[in-house]
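Structure first, commentary second.
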Amino acid sequence: MEIGNTATTLTGGQHLSEYLTFRLGNENYGIDILKVQEIRGYDSVTRIANTPDFIKGVINLRGVIVPIVDLRIKFATGEATYHQFTVVIIMNVLSRVVGIVVDGVSDVVALPPESVKPAPELGSTLDTRYLSGLADHHGEMLVLVDIEKLIGSDELQVVKTSH
């Protein structure tokens with residue numbers, strides 16, 4: 001996988017959006033690659049009292065205190081187990097550094113805008129507030145997460161940092 005050589009423009013000047021894809025349970029998800037700072041193996045975190053279950057705690061990353069959010073718990077994709085394939089994606093979102101725990105990182109994909117469809121409104125059965133859309137990528141459904149809406153949501157304001 002050559003991340004640095006992923007095409008961003010098609011013939012005719014059509015712009016492609018690039019997404020880092022990852023797995024949560026049996027589903028494939030994607031986030032804007034421009035928000036990703038680094039990918040690390042899951043390590044122990046310092047738990048913070050009175051935070052929701054999906055906020056695992058914080059880590060000290062080269063002098064920066066980084067809140068760690070377990071997307072598997074937040075999106076209720078099954079039991080969150082921690083093993084050698086569990087990774088933390090460190091991102092810069094809304095002027096903050098935040099880590100998200102996922103089951104594993106897959107690839108970087110470039111998608112033309114017309115391949116991204118809006119998430120269907122399914123009432124209370126599926127919370128689509130944090131989804132930017134759905135895309136078919138090589139026959140598999142890719143759920144695209146709007147990470148800024150998720151990290152900026154009221155329920156995650158506990159990860160707000162003060163400067």
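Scheme for the structure tokens: letters A, B, ... for chains in order shown; per-chain residue numbers from 1; ligand numbers from 1 in order shown.
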Residues flagged strand (DSSP E) by DSSP in range 30-163 of chain A, as a PyMOL selection string:
chain A and resi 30-32+36-41+55-61+64-70+87-93+96-102+104-111+116-117+131-137+140-145
Keeping only C-alpha atoms, write those residues as a JSON list (two decimals), in the first residue's frame.
```json
[["chain", "number", "residue", "atom", "x", "y", "z"],
["A", 30, "GLY", "CA", -13.78, 5.66, 6.32],
["A", 31, "ILE", "CA", -12.56, 9.03, 7.58],
["A", 32, "ASP", "CA", -11.03, 11.98, 5.77],
["A", 36, "VAL", "CA", -5.19, 11.72, 10.27],
["A", 37, "GLN", "CA", -1.92, 12.49, 12.04],
["A", 38, "GLU", "CA", -0.66, 8.97, 12.76],
["A", 39, "ILE", "CA", -1.67, 5.38, 13.47],
["A", 40, "ARG", "CA", -0.47, 3.63, 16.63],
["A", 41, "GLY", "CA", -0.99, 0.31, 18.34],
["A", 55, "ILE", "CA", -14.08, 7.64, 26.32],
["A", 56, "LYS", "CA", -11.35, 5.21, 27.35],
["A", 57, "GLY", "CA", -9.13, 7.88, 28.93],
["A", 58, "VAL", "CA", -6.10, 9.89, 27.86],
["A", 59, "ILE", "CA", -2.54, 9.25, 26.73],
["A", 60, "ASN", "CA", 0.52, 11.48, 26.77],
["A", 61, "LEU", "CA", 1.70, 11.69, 23.16],
["A", 64, "VAL", "CA", 0.29, 16.41, 24.33],
["A", 65, "ILE", "CA", -2.57, 14.96, 26.40],
["A", 66, "VAL", "CA", -4.77, 13.10, 23.90],
["A", 67, "PRO", "CA", -8.29, 11.85, 24.74],
["A", 68, "ILE", "CA", -8.99, 8.35, 23.41],
["A", 69, "VAL", "CA", -12.49, 7.54, 22.10],
["A", 70, "ASP", "CA", -13.38, 3.90, 21.38],
["A", 87, "VAL", "CA", -5.15, 0.43, 16.67],
["A", 88, "VAL", "CA", -5.57, 4.06, 17.62],
["A", 89, "ILE", "CA", -5.90, 6.61, 14.84],
["A", 90, "ILE", "CA", -4.51, 9.93, 16.08],
["A", 91, "MET", "CA", -6.24, 12.85, 14.38],
["A", 92, "ASN", "CA", -6.26, 16.63, 14.31],
["A", 93, "VAL", "CA", -9.92, 17.61, 14.45],
["A", 96, "ARG", "CA", -7.68, 19.27, 18.91],
["A", 97, "VAL", "CA", -5.67, 16.09, 18.89],
["A", 98, "VAL", "CA", -7.93, 13.09, 19.52],
["A", 99, "GLY", "CA", -7.40, 9.34, 19.22],
["A", 100, "ILE", "CA", -10.04, 6.87, 18.05],
["A", 101, "VAL", "CA", -9.82, 3.14, 18.76],
["A", 102, "VAL", "CA", -10.75, 0.83, 15.86],
["A", 104, "GLY", "CA", -7.88, -2.37, 12.39],
["A", 105, "VAL", "CA", -6.86, -0.04, 9.58],
["A", 106, "SER", "CA", -7.40, -1.32, 6.04],
["A", 107, "ASP", "CA", -6.29, 1.06, 3.29],
["A", 108, "VAL", "CA", -6.42, 4.54, 1.84],
["A", 109, "VAL", "CA", -9.03, 4.89, -0.91],
["A", 110, "ALA", "CA", -9.79, 7.71, -3.32],
["A", 111, "LEU", "CA", -13.47, 8.19, -4.11],
["A", 116, "VAL", "CA", -20.73, 8.96, -2.13],
["A", 117, "LYS", "CA", -24.45, 8.69, -1.40],
["A", 131, "LEU", "CA", -22.14, 10.00, 8.86],
["A", 132, "SER", "CA", -21.14, 11.98, 5.80],
["A", 133, "GLY", "CA", -22.39, 9.26, 3.46],
["A", 134, "LEU", "CA", -22.10, 5.72, 2.13],
["A", 135, "ALA", "CA", -19.96, 4.52, -0.76],
["A", 136, "ASP", "CA", -19.62, 1.28, -2.68],
["A", 137, "HIS", "CA", -15.93, 0.39, -2.86],
["A", 140, "GLU", "CA", -18.30, -3.53, -0.18],
["A", 141, "MET", "CA", -20.26, -0.81, 1.58],
["A", 142, "LEU", "CA", -18.06, 1.87, 3.12],
["A", 143, "VAL", "CA", -19.61, 4.00, 5.89],
["A", 144, "LEU", "CA", -18.05, 7.47, 5.81],
["A", 145, "VAL", "CA", -17.81, 9.14, 9.22]]
```
Residues within 8 Å of Asp103 in chain A, please, as a PyMOL selection string. Count only C-alpha atoms; anything in the same chain fewer than 6 positions from it doesn't count.
chain A and resi 22-25+72+85-87
Just asking: which residues within chain A are alpha helix (DSSP H) according to DSSP, as a ChimeraX atom specification?
/A:71-74,147-151
Given only C-alpha atoms as the counted atoms, nearest of A:Asp154, A:Asp53, A:Ile48, A:Ala76 to Asn26 in chain A:
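Under the stated criterion, the closest residue is A:Ala76.
Picture a line from CA of Ala80 in chain A to CA of Gly63 in chain A; it runs 27.5 Å.
Distances to Ala119 in chain A were evaluated for A:Asp146, A:Lys35, A:Gln84, A:Thr77 using only C-alpha atoms, and the minimum falls at A:Asp146.
Proximity of A:His138, A:Phe54, A:Ser95, A:Pro118 to Gly152 in chain A, computed with only C-alpha atoms, is greatest for A:Ser95.
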Given the choices A:His15, A:Glu114, A:Phe75, A:Thr81, which gets closest to Tyr130 in chain A if the distance is worked out from only C-alpha atoms?
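Of all the options, A:Phe75 lies closest to Tyr130 in chain A.
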Looking at only C-alpha atoms, which of A:Pro113, A:Ser44, A:Pro120, A:Ile147 is the one that sits closest to Ser17 in chain A?
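So, comparing all the options, the nearest one is A:Pro113.
A straight line drawn from CA of Thr128 in chain A to CA of Ile33 in chain A is 20.4 Å long.
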